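Next up, model_2.cif (mmCIF, C-alpha atoms):
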```cif
data_my_file
loop_
_atom_site.label_atom_id
_atom_site.label_comp_id
_atom_site.auth_asym_id
_atom_site.auth_seq_id
_atom_site.Cartn_x
_atom_site.Cartn_y
_atom_site.Cartn_z
CA MET A 515 -29.16 22.68 -19.59
CA PRO A 516 -29.44 24.53 -16.27
CA VAL A 517 -26.61 24.33 -13.75
CA ARG A 518 -27.61 22.66 -10.50
CA LEU A 519 -26.05 21.15 -7.41
CA LEU A 520 -25.71 17.40 -7.18
CA SER A 521 -27.32 15.59 -4.27
CA ASP A 522 -25.02 14.45 -1.50
CA THR A 523 -25.60 10.82 -2.50
CA VAL A 524 -24.59 11.37 -6.12
CA ALA A 525 -21.62 13.55 -5.10
CA ASN A 526 -20.41 10.84 -2.71
CA ARG A 527 -20.67 8.19 -5.42
CA ILE A 528 -18.69 10.33 -7.83
CA ALA A 529 -16.03 10.89 -5.14
CA ALA A 530 -16.00 7.15 -4.51
CA GLY A 531 -14.79 6.64 -8.07
CA GLU A 532 -11.53 8.38 -7.18
CA VAL A 533 -10.95 6.50 -3.92
CA VAL A 534 -12.61 3.12 -4.45
CA GLU A 535 -11.49 1.59 -7.73
CA ARG A 536 -11.72 -2.08 -6.73
CA PRO A 537 -11.66 -4.24 -3.57
CA ALA A 538 -7.89 -3.74 -3.25
CA SER A 539 -8.51 0.02 -2.90
CA VAL A 540 -10.84 -0.61 0.04
CA VAL A 541 -8.30 -2.94 1.66
CA LYS A 542 -5.62 -0.27 1.29
CA GLU A 543 -7.70 2.54 2.79
CA LEU A 544 -9.01 0.51 5.74
CA THR A 545 -5.63 -1.04 6.55
CA GLU A 546 -3.93 2.35 6.46
CA ASN A 547 -6.57 3.70 8.86
CA ALA A 548 -5.82 0.78 11.19
CA LEU A 549 -2.11 1.65 11.13
CA ASP A 550 -2.93 5.28 11.93
CA ALA A 551 -4.97 4.05 14.89
CA GLY A 552 -1.83 2.44 16.31
CA ALA A 553 -2.84 -1.15 15.59
CA THR A 554 -0.35 -3.93 16.33
CA ARG A 555 -2.61 -6.65 14.87
CA ILE A 556 -4.66 -6.38 11.69
CA GLU A 557 -6.79 -9.12 10.13
CA ILE A 558 -8.27 -8.80 6.64
CA VAL A 559 -10.94 -11.25 5.47
CA LEU A 560 -12.12 -11.41 1.84
CA GLU A 561 -15.00 -13.26 0.19
CA GLY A 562 -15.66 -13.21 -3.52
CA GLY A 563 -12.35 -11.46 -4.10
CA GLY A 564 -13.60 -8.69 -1.80
CA ALA A 565 -16.72 -7.95 -3.86
CA ARG A 566 -18.97 -9.86 -1.43
CA LEU A 567 -17.13 -9.08 1.79
CA ILE A 568 -14.13 -7.17 3.09
CA ARG A 569 -13.64 -7.27 6.85
CA VAL A 570 -10.74 -5.41 8.47
CA SER A 571 -10.30 -5.84 12.22
CA ASP A 572 -7.63 -4.16 14.33
CA ASP A 573 -6.62 -3.62 17.95
CA GLY A 574 -6.05 0.12 17.52
CA CYS A 575 -7.29 2.98 19.68
CA GLY A 576 -10.92 2.77 18.49
CA MET A 577 -13.47 5.60 18.51
CA ASP A 578 -16.19 6.89 20.79
CA ARG A 579 -19.75 7.50 19.61
CA ASP A 580 -19.25 11.09 18.44
CA ASP A 581 -16.13 10.25 16.44
CA LEU A 582 -17.84 7.25 14.85
CA VAL A 583 -20.80 9.33 13.71
CA MET A 584 -18.49 12.01 12.31
CA ALA A 585 -16.12 9.52 10.62
CA VAL A 586 -18.66 8.63 7.90
CA GLU A 587 -19.22 12.26 6.91
CA ARG A 588 -17.33 13.63 3.92
CA PHE A 589 -14.24 15.75 4.63
CA ALA A 590 -14.24 14.73 8.30
CA THR A 591 -10.83 13.76 9.68
CA SER A 592 -8.85 13.79 12.90
CA LYS A 593 -5.53 14.20 11.13
CA ILE A 594 -5.54 17.74 9.73
CA THR A 595 -7.20 20.97 10.83
CA SER A 596 -6.04 23.54 8.25
CA ASP A 597 -4.40 23.81 4.84
CA ASP A 598 -1.08 24.41 6.61
CA ASP A 599 -1.25 20.83 7.94
CA LEU A 600 -1.22 19.47 4.38
CA VAL A 601 2.42 20.54 4.08
CA GLY A 602 3.47 18.18 6.84
CA VAL A 603 1.09 15.22 6.70
CA ALA A 604 2.66 12.38 8.68
CA THR A 605 -0.24 9.93 8.73
CA MET A 606 -1.28 7.30 6.20
CA GLY A 607 -4.84 8.51 5.69
CA PHE A 608 -5.99 12.09 6.13
CA ARG A 609 -8.57 13.21 3.59
CA GLY A 610 -11.73 11.98 5.30
CA GLU A 611 -13.08 10.50 2.07
CA ALA A 612 -12.57 6.74 2.38
CA LEU A 613 -15.39 5.74 4.76
CA PRO A 614 -18.15 7.94 3.23
CA SER A 615 -17.05 6.94 -0.26
CA ILE A 616 -17.16 3.24 0.62
CA GLY A 617 -20.51 3.71 2.34
CA ALA A 618 -21.89 5.41 -0.77
CA VAL A 619 -21.33 2.36 -3.01
CA ALA A 620 -21.53 -0.58 -0.59
CA ARG A 621 -23.06 -1.79 2.66
CA LEU A 622 -20.71 -0.49 5.35
CA ALA A 623 -20.80 -1.49 9.01
CA ILE A 624 -18.37 -0.12 11.61
CA ALA A 625 -18.03 -1.47 15.14
CA THR A 626 -15.52 0.26 17.40
CA ARG A 627 -14.56 0.65 21.04
CA ARG A 628 -12.00 2.65 22.93
CA ALA A 629 -9.99 0.74 25.52
CA ASP A 630 -11.26 2.95 28.37
CA ALA A 631 -14.94 2.71 27.35
CA PRO A 632 -17.43 0.34 29.02
CA HIS A 633 -18.78 -0.73 25.63
CA GLY A 634 -18.41 -0.01 21.95
CA TRP A 635 -20.62 1.44 19.22
CA ARG A 636 -21.88 0.18 15.90
CA LEU A 637 -22.99 2.20 12.87
CA ALA A 638 -24.17 1.15 9.40
CA VAL A 639 -24.16 3.05 6.10
CA ASP A 640 -26.14 1.39 3.30
CA GLY A 641 -25.63 2.89 -0.15
CA GLY A 642 -25.13 6.35 1.33
CA ARG A 643 -27.97 6.11 3.88
CA LYS A 644 -26.54 6.47 7.38
CA GLY A 645 -28.15 4.65 10.28
CA GLU A 646 -28.09 5.45 13.98
CA ALA A 647 -25.17 4.61 16.25
CA GLU A 648 -26.04 1.77 18.62
CA PRO A 649 -24.20 0.29 21.62
CA ALA A 650 -22.24 -2.88 20.85
CA ALA A 651 -20.25 -5.44 22.85
CA LEU A 652 -16.77 -5.95 21.41
CA PRO A 653 -13.10 -5.81 22.44
CA PRO A 654 -11.09 -2.58 22.09
CA GLY A 655 -10.30 -1.69 18.52
CA THR A 656 -12.28 -1.39 15.31
CA ARG A 657 -13.95 -3.86 12.96
CA ILE A 658 -15.14 -2.63 9.57
CA GLU A 659 -17.23 -4.76 7.22
CA VAL A 660 -17.85 -3.84 3.60
CA ARG A 661 -20.45 -6.02 1.88
CA ASP A 662 -21.73 -6.04 -1.69
CA LEU A 663 -19.19 -3.59 -3.07
CA PHE A 664 -20.67 -1.42 -5.86
CA PHE A 665 -24.22 -2.73 -5.31
CA ALA A 666 -25.34 0.92 -5.42
CA THR A 667 -23.45 1.51 -8.68
CA PRO A 668 -23.95 -1.69 -10.72
CA ALA A 669 -22.14 -0.25 -13.75
CA ARG A 670 -18.93 -0.07 -11.69
CA ALA A 671 -19.31 -3.69 -10.60
CA LYS A 672 -19.17 -4.83 -14.24
CA PHE A 673 -15.57 -3.65 -14.47
CA LEU A 674 -14.37 -5.93 -11.68
CA LYS A 675 -12.20 -8.86 -12.72
CA SER A 676 -12.54 -12.45 -11.55
CA ASP A 677 -12.64 -13.19 -7.83
CA ARG A 678 -9.16 -14.68 -8.11
CA ALA A 679 -7.72 -11.61 -9.83
CA GLU A 680 -9.30 -9.21 -7.34
CA ALA A 681 -8.05 -11.30 -4.41
CA GLN A 682 -4.53 -11.31 -5.86
CA ALA A 683 -4.60 -7.51 -6.20
CA ALA A 684 -5.71 -7.19 -2.58
CA ALA A 685 -3.00 -9.62 -1.47
CA GLU A 686 -0.38 -7.49 -3.24
CA VAL A 687 -1.62 -4.44 -1.32
CA VAL A 688 -1.33 -6.38 1.94
CA ARG A 689 2.20 -7.52 1.09
CA ARG A 690 3.33 -3.96 0.39
CA ILE A 691 1.82 -2.69 3.62
CA ALA A 692 3.36 -5.60 5.54
CA LEU A 693 6.81 -4.72 4.18
CA ALA A 694 6.36 -1.06 5.11
CA ALA A 695 5.17 -1.90 8.66
CA PRO A 696 7.16 -4.94 9.87
CA HIS A 697 6.24 -4.25 13.50
CA VAL A 698 2.56 -5.08 12.85
CA ASP A 699 1.08 -8.59 12.79
CA VAL A 700 -0.88 -8.78 9.53
CA THR A 701 -3.18 -11.63 8.49
CA LEU A 702 -5.08 -12.02 5.21
CA VAL A 703 -7.81 -14.67 4.95
CA VAL A 704 -9.16 -15.38 1.45
CA GLU A 705 -11.87 -18.02 1.44
CA GLU A 706 -10.05 -21.03 2.98
CA ARG A 707 -6.50 -19.72 2.57
CA THR A 708 -4.60 -17.73 5.18
CA LEU A 709 -1.57 -15.54 4.58
CA ARG A 710 0.05 -14.33 7.81
CA PHE A 711 2.98 -12.04 8.48
CA PRO A 712 3.86 -12.21 12.21
CA ALA A 713 5.19 -9.02 13.78
CA ALA A 714 8.96 -8.70 13.44
CA ALA A 715 11.48 -7.12 15.80
CA PRO A 716 12.32 -3.44 15.32
CA GLY A 717 15.34 -2.36 13.31
CA ALA A 718 17.24 -3.89 10.40
CA ALA A 719 16.93 -7.44 11.74
CA GLY A 720 13.18 -7.14 11.90
CA HIS A 721 13.01 -5.73 8.39
CA ALA A 722 15.06 -8.67 7.12
CA GLU A 723 12.72 -11.06 8.91
CA ARG A 724 9.65 -9.47 7.33
CA LEU A 725 11.41 -9.54 3.97
CA ALA A 726 11.75 -13.32 4.24
CA GLN A 727 8.09 -13.61 5.23
CA VAL A 728 6.86 -11.64 2.23
CA LEU A 729 9.35 -12.48 -0.52
CA GLY A 730 10.53 -15.89 0.65
CA ALA A 731 13.68 -16.96 2.45
CA GLU A 732 15.60 -17.78 -0.74
CA THR A 733 15.01 -14.33 -2.22
CA ALA A 734 15.75 -12.59 1.08
CA THR A 735 19.16 -14.26 1.39
CA ALA A 736 20.14 -12.83 -2.00
CA MET A 737 19.41 -9.26 -0.89
CA ILE A 738 21.71 -6.63 0.57
CA ALA A 739 20.85 -4.33 3.47
CA ILE A 740 21.37 -0.65 2.66
CA ASP A 741 21.34 2.51 4.74
CA GLY A 742 22.35 5.79 3.15
CA GLU A 743 21.87 9.45 4.02
CA ARG A 744 22.30 12.72 2.16
CA GLU A 745 21.35 16.24 3.27
CA GLY A 746 18.66 15.08 5.69
CA ALA A 747 17.15 12.40 3.43
CA ARG A 748 17.69 8.76 4.37
CA LEU A 749 17.29 5.54 2.38
CA VAL A 750 16.95 2.21 4.23
CA GLY A 751 15.91 -1.28 3.21
CA HIS A 752 17.18 -4.12 1.05
CA VAL A 753 18.04 -4.54 -2.63
CA GLY A 754 18.65 -7.69 -4.60
CA GLN A 755 22.09 -8.58 -5.89
CA SER A 756 22.45 -8.05 -9.59
CA HIS A 757 21.69 -11.66 -10.51
CA LEU A 758 18.29 -11.41 -8.81
CA HIS A 759 15.87 -9.82 -11.24
CA ARG A 760 12.36 -10.16 -12.60
CA ALA A 761 10.50 -9.71 -15.88
CA THR A 762 8.29 -6.96 -14.40
CA ALA A 763 8.62 -4.23 -11.78
CA GLY A 764 6.24 -6.05 -9.45
CA ALA A 765 9.03 -7.00 -7.03
CA ILE A 766 9.99 -3.37 -6.42
CA HIS A 767 8.45 -2.35 -3.09
CA LEU A 768 8.82 1.35 -2.29
CA SER A 769 7.60 3.46 0.59
CA VAL A 770 8.05 7.05 1.71
CA ASN A 771 8.02 7.60 5.46
CA GLY A 772 6.35 4.20 5.78
CA ARG A 773 3.68 4.93 3.14
CA PRO A 774 3.70 2.37 0.28
CA VAL A 775 3.88 4.20 -3.06
CA ARG A 776 4.41 3.55 -6.75
CA ASP A 777 6.65 6.36 -7.89
CA ARG A 778 8.25 6.76 -11.31
CA LEU A 779 11.08 8.90 -9.95
CA LEU A 780 12.11 6.28 -7.40
CA THR A 781 11.65 3.37 -9.79
CA GLY A 782 13.69 5.15 -12.46
CA ALA A 783 16.46 5.96 -9.99
CA LEU A 784 16.57 2.34 -8.85
CA LYS A 785 16.85 1.05 -12.41
CA ALA A 786 19.57 3.60 -13.13
CA ALA A 787 21.57 2.21 -10.21
CA TYR A 788 21.45 -1.24 -11.84
CA GLN A 789 22.02 -0.18 -15.44
CA ASP A 790 25.62 -1.43 -15.59
CA VAL A 791 25.01 -4.76 -13.86
CA MET A 792 21.59 -5.89 -15.09
CA PRO A 793 19.98 -6.50 -18.50
CA ARG A 794 18.03 -3.47 -19.65
CA ASP A 795 14.74 -5.37 -20.00
CA ARG A 796 14.86 -6.80 -16.48
CA HIS A 797 13.81 -5.28 -13.16
CA PRO A 798 15.49 -5.51 -9.74
CA VAL A 799 14.02 -6.82 -6.50
CA ALA A 800 13.95 -4.20 -3.77
CA ALA A 801 12.19 -3.12 -0.58
CA LEU A 802 13.13 0.48 0.18
CA ASP A 803 11.88 3.26 2.42
CA ILE A 804 12.73 6.91 1.77
CA ARG A 805 12.68 8.93 4.98
CA VAL A 806 12.40 12.69 4.66
CA GLY A 807 10.84 15.46 6.72
CA PRO A 808 7.04 15.68 6.28
CA GLY A 809 7.48 19.12 4.72
CA GLU A 810 9.84 17.72 2.08
CA VAL A 811 7.25 15.51 0.37
CA ASP A 812 3.73 16.18 -0.92
CA VAL A 813 1.49 13.14 -0.44
CA ASN A 814 -1.63 14.92 -1.68
CA VAL A 815 -1.00 14.70 -5.42
CA HIS A 816 -2.99 11.52 -6.15
CA PRO A 817 -6.60 10.65 -5.16
CA ALA A 818 -5.55 7.25 -3.85
CA LYS A 819 -2.33 8.61 -2.27
CA ALA A 820 -0.33 6.20 -4.45
CA GLU A 821 2.10 8.81 -5.74
CA VAL A 822 4.15 11.53 -4.04
CA ARG A 823 6.10 14.59 -5.08
CA PHE A 824 9.42 15.54 -3.45
CA ARG A 825 10.48 19.11 -2.82
CA ASP A 826 14.01 18.20 -3.96
CA ALA A 827 13.55 15.36 -6.43
CA GLY A 828 17.18 15.57 -7.56
CA LEU A 829 18.43 14.96 -4.04
CA VAL A 830 16.25 11.88 -3.60
CA ARG A 831 17.24 10.46 -6.98
CA ALA A 832 20.94 10.97 -6.26
CA LEU A 833 20.54 9.31 -2.85
CA VAL A 834 18.91 6.22 -4.36
CA VAL A 835 21.43 5.86 -7.19
CA SER A 836 24.55 6.40 -5.08
CA THR A 837 23.44 4.25 -2.12
CA VAL A 838 22.31 1.30 -4.22
CA ARG A 839 25.38 1.42 -6.47
CA SER A 840 27.65 1.48 -3.45
CA ALA A 841 25.84 -1.52 -1.95
CA LEU A 842 26.11 -3.48 -5.18
CA ALA A 843 29.79 -2.69 -5.52
CA GLY A 844 30.41 -3.85 -1.97
CA ALA A 845 28.64 -7.14 -2.66
CA GLY A 846 31.21 -8.11 -5.28
CA PRO A 847 31.48 -7.83 -9.06
CA THR A 848 28.66 -9.29 -11.17
CA PRO A 849 29.08 -7.21 -14.32
CA TYR A 850 26.64 -7.19 -17.18
CA ALA A 851 28.24 -6.17 -20.42
CA ALA A 852 25.88 -5.20 -23.23
CA GLY A 853 28.43 -6.32 -25.80
CA SER A 854 28.60 -9.82 -24.32
CA ALA A 855 24.82 -10.06 -24.43
CA GLU A 856 24.75 -9.10 -28.08
CA ILE A 857 27.45 -11.64 -28.95
CA ALA A 858 25.58 -14.36 -27.10
CA ARG A 859 22.33 -13.48 -28.87
CA PHE A 860 23.91 -13.76 -32.31
CA ALA A 861 25.59 -16.98 -31.27
CA GLY A 862 22.14 -18.41 -30.61
CA ARG A 863 22.58 -19.03 -26.88
CA ALA A 864 21.35 -17.22 -23.79
CA PRO A 865 23.95 -15.10 -22.00
CA VAL A 866 24.82 -15.75 -18.40
CA TYR A 867 24.91 -12.54 -16.41
CA GLY A 868 27.62 -12.65 -13.79
CA ALA A 869 29.28 -16.01 -14.28
CA SER A 870 30.22 -16.21 -10.61
CA ARG A 871 26.55 -15.92 -9.64
CA PRO A 872 23.49 -18.13 -10.23
CA VAL A 873 21.52 -17.51 -13.39
CA ALA A 874 18.74 -14.95 -12.93
CA ALA A 875 15.66 -15.97 -11.00
CA THR A 876 12.51 -15.49 -13.04
CA ALA A 877 9.16 -14.15 -12.02
#
```
For the file at hand, write its structure as structure tokens.
Amino acid sequence: MPVRLLSDTVANRIAAGEVVERPASVVKELTENALDAGATRIEIVLEGGGARLIRVSDDGCGMDRDDLVMAVERFATSKITSDDDLVGVATMGFRGEALPSIGAVARLAIATRRADAPHGWRLAVDGGRKGEAEPAALPPGTRIEVRDLFFATPARAKFLKSDRAEAQAAAEVVRRIALAAPHVDVTLVVEERTLRFPAAAPGAAGHAERLAQVLGAETATAMIAIDGEREGARLVGHVGQSHLHRATAGAIHLSVNGRPVRDRLLTGALKAAYQDVMPRDRHPVAALDIRVGPGEVDVNVHPAKAEVRFRDAGLVRALVVSTVRSALAGAGPTPYAAGSAEIARFAGRAPVYGASRPVAATA
């Protein structure tokens, strides 16, 4: 078969497959853009689990007409100008793929206004077809609506799960972003239900407040504040005491320089810190942020920016293990002895881990 170039529409839809996996992916990309715009309030509205409608509104800096028109073009971004900038990316989004990718597979409408502008602008992209920018009356900030996700690629829509499952995945994204940005007021509206995380005060107290909002007051009171530093890398956040564990790793919330990530290195280091005080088949509860220089971490190794790569992975792992172990030791002894667990299993009764503590909370 002859080699030929793909049309822009087909190329955009292929690219969308890397960025837009499900409604939760759209929520993540649009919410991260709102944070980059300096938003202090973000509202996310979902219908049909996000398949029918995703609306993200923020009070960020907004865009003028020229920026709006350019924002829906592939590889257009305000956050990097050369390949040298990729070494020190300090923003949440940067590739310039999210909006055109979403517009290629859905009905996208963007309304935006800068605070110093007399009016805003509105632009629609329908299955890859871009309309004209038109004046619009709206408050400062940006409102993005995504309707009929994957209507332009029906085969992709067949892989979506139930509305409930898709909404739960989106809610998990919102929770992780809320933990990583406690200074922002975040609201999620799903059908008739509202989940709101009011903005918290800056610093450790604010992080603890947001922790209670997201994980619940009972869980938050069983967590320990940590703050450790080693050779320019810093680890801050909260970890659960050894009696607080779950059946899955879903309660491990990690971020790097405020960017929520799922990272095997960090998760493995965290579990290693608990290996002497927690059953091997259980997972800790944690909300941690690794802070390193932008040049010390590569955030461009995953299409959805969900994974990172550290320049000195050994340093980061050692920081996590040592800081968490020190915090657990300072909280008092709650030892888990493998031998005791084995004896209890053969005796036909469940072991109690840390007799001086409550029995483990379950997921």
Margin query: Can you translate the PyMOL selection byres ((chain A and resi 659) around 9) into the concrete residues it hits in this file, as a list in words?
Written below: Leu567, Ile568, Arg569, Val570, Ser571, Arg621, Leu622, Ala623, Ile624, Ala625, Arg657, Ile658, Val660 and Arg661 of chain A
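Residue nearest A:Asn771 within the list A:Ala618, A:Ala714, A:Ala695, A:Leu637: A:Ala695 [criterion: smallest interatomic distance, all atoms listed in the file].
Of the listed residues (A:Ala739, A:Arg839, A:Ala685, A:Ala629), A:Ala739 comes nearest to A:Ala800; the distances count all atoms listed in the file.
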As a check of understanding, name the residues that the PyMOL selection byres ((chain A and resi 549) around 10) selects in the supplied structure, as an mmCIF file with C-alpha atoms, in the coordinates of the input.
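Generated output (result.cif):
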```cif
data_model
loop_
_atom_site.group_PDB
_atom_site.id
_atom_site.type_symbol
_atom_site.label_atom_id
_atom_site.label_comp_id
_atom_site.auth_asym_id
_atom_site.auth_seq_id
_atom_site.Cartn_x
_atom_site.Cartn_y
_atom_site.Cartn_z
ATOM 1 C CA LEU A 544 -9.010 0.510 5.740
ATOM 2 C CA THR A 545 -5.630 -1.040 6.550
ATOM 3 C CA GLU A 546 -3.930 2.350 6.460
ATOM 4 C CA ASN A 547 -6.570 3.700 8.860
ATOM 5 C CA ALA A 548 -5.820 0.780 11.190
ATOM 6 C CA ASP A 550 -2.930 5.280 11.930
ATOM 7 C CA ALA A 551 -4.970 4.050 14.890
ATOM 8 C CA GLY A 552 -1.830 2.440 16.310
ATOM 9 C CA ALA A 553 -2.840 -1.150 15.590
ATOM 10 C CA THR A 554 -0.350 -3.930 16.330
ATOM 11 C CA ARG A 555 -2.610 -6.650 14.870
ATOM 12 C CA ILE A 556 -4.660 -6.380 11.690
ATOM 13 C CA ASP A 572 -7.630 -4.160 14.330
ATOM 14 C CA ASP A 573 -6.620 -3.620 17.950
ATOM 15 C CA GLY A 574 -6.050 0.120 17.520
ATOM 16 C CA THR A 605 -0.240 9.930 8.730
ATOM 17 C CA MET A 606 -1.280 7.300 6.200
ATOM 18 C CA GLY A 607 -4.840 8.510 5.690
ATOM 19 C CA ILE A 691 1.820 -2.690 3.620
ATOM 20 C CA ALA A 695 5.170 -1.900 8.660
ATOM 21 C CA VAL A 698 2.560 -5.080 12.850
#
```
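Going from atom CA of A:Arg796 to atom CA of A:Ala843 covers 19.0 Å.
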Check: Which residue gives the smallest distance to A:Gly645 among A:Ala841, A:Ala681, A:Val830, A:Leu582, with all atoms listed in the file counted?
Finding: A:Leu582
Checklist line | Residues within 10 Å of A:Glu743, all atoms listed in the file, excluding chain neighbours under 2 positions, as a list of chain:residue names | finding: A:Asp741, A:Glu745, A:Gly746, A:Ala747, A:Arg748, A:Leu749, A:Val750, A:Ile804, A:Arg805, A:Val830, A:Leu833, A:Val834, A:Ser836, A:Thr837
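Take the candidates A:Asp826, A:Asp699, A:Glu543, A:Asp578 and check each one against A:Ala684 using all atoms listed in the file; the shortest distance goes to A:Glu543.
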Next item on the list: For each of A:Ala736, A:Val533, A:Met577, A:Val517, take the minimum atom-to-atom distance to A:Gly634, counting all atoms listed in the file, then give the residue where this is smallest.
Entry: A:Met577
Next item on the list: Please indicate the distance in Å from atom CA of A:Leu780 to atom CA of A:Val541, rounded to one decimal place.
Entry: 24.2 Å
Note to self: Which residues, named as in the file, does the PyMOL selection byres ((chain A and resi 687-689) around 10) pick out? Answer as a PyMOL selection string.
What the structure shows: chain A and resi 538-539+541-542+545+558+681-686+690-695+700-702+709-711+724-725+727-729+767+774
Near-A:Arg579 list (8 Å; all atoms listed in the file; drop same-chain fewer than 4 positions) as a PDB file with C-alpha atoms, in the frame of the given file:
```
ATOM      1  CA  VAL A 583     -20.800   9.330  13.710  1.00  0.00           C
ATOM      2  CA  GLY A 634     -18.410  -0.010  21.950  1.00  0.00           C
ATOM      3  CA  TRP A 635     -20.620   1.440  19.220  1.00  0.00           C
ATOM      4  CA  ALA A 647     -25.170   4.610  16.250  1.00  0.00           C
TER       5      ALA A 647
END
```
Item checked: Local residues around (-23.5, 13.8, -1.2), at most 12 Å away, using only C-alpha atoms, as number ranges by chain -> A: 519-530, 586-589, 611, 614-615, 617-619, 641-644
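Taking only C-alpha atoms into account, A:Ile766 lies nearest to A:Asp803 out of the set A:Glu705, A:Asp803, A:Glu648, A:Glu680.
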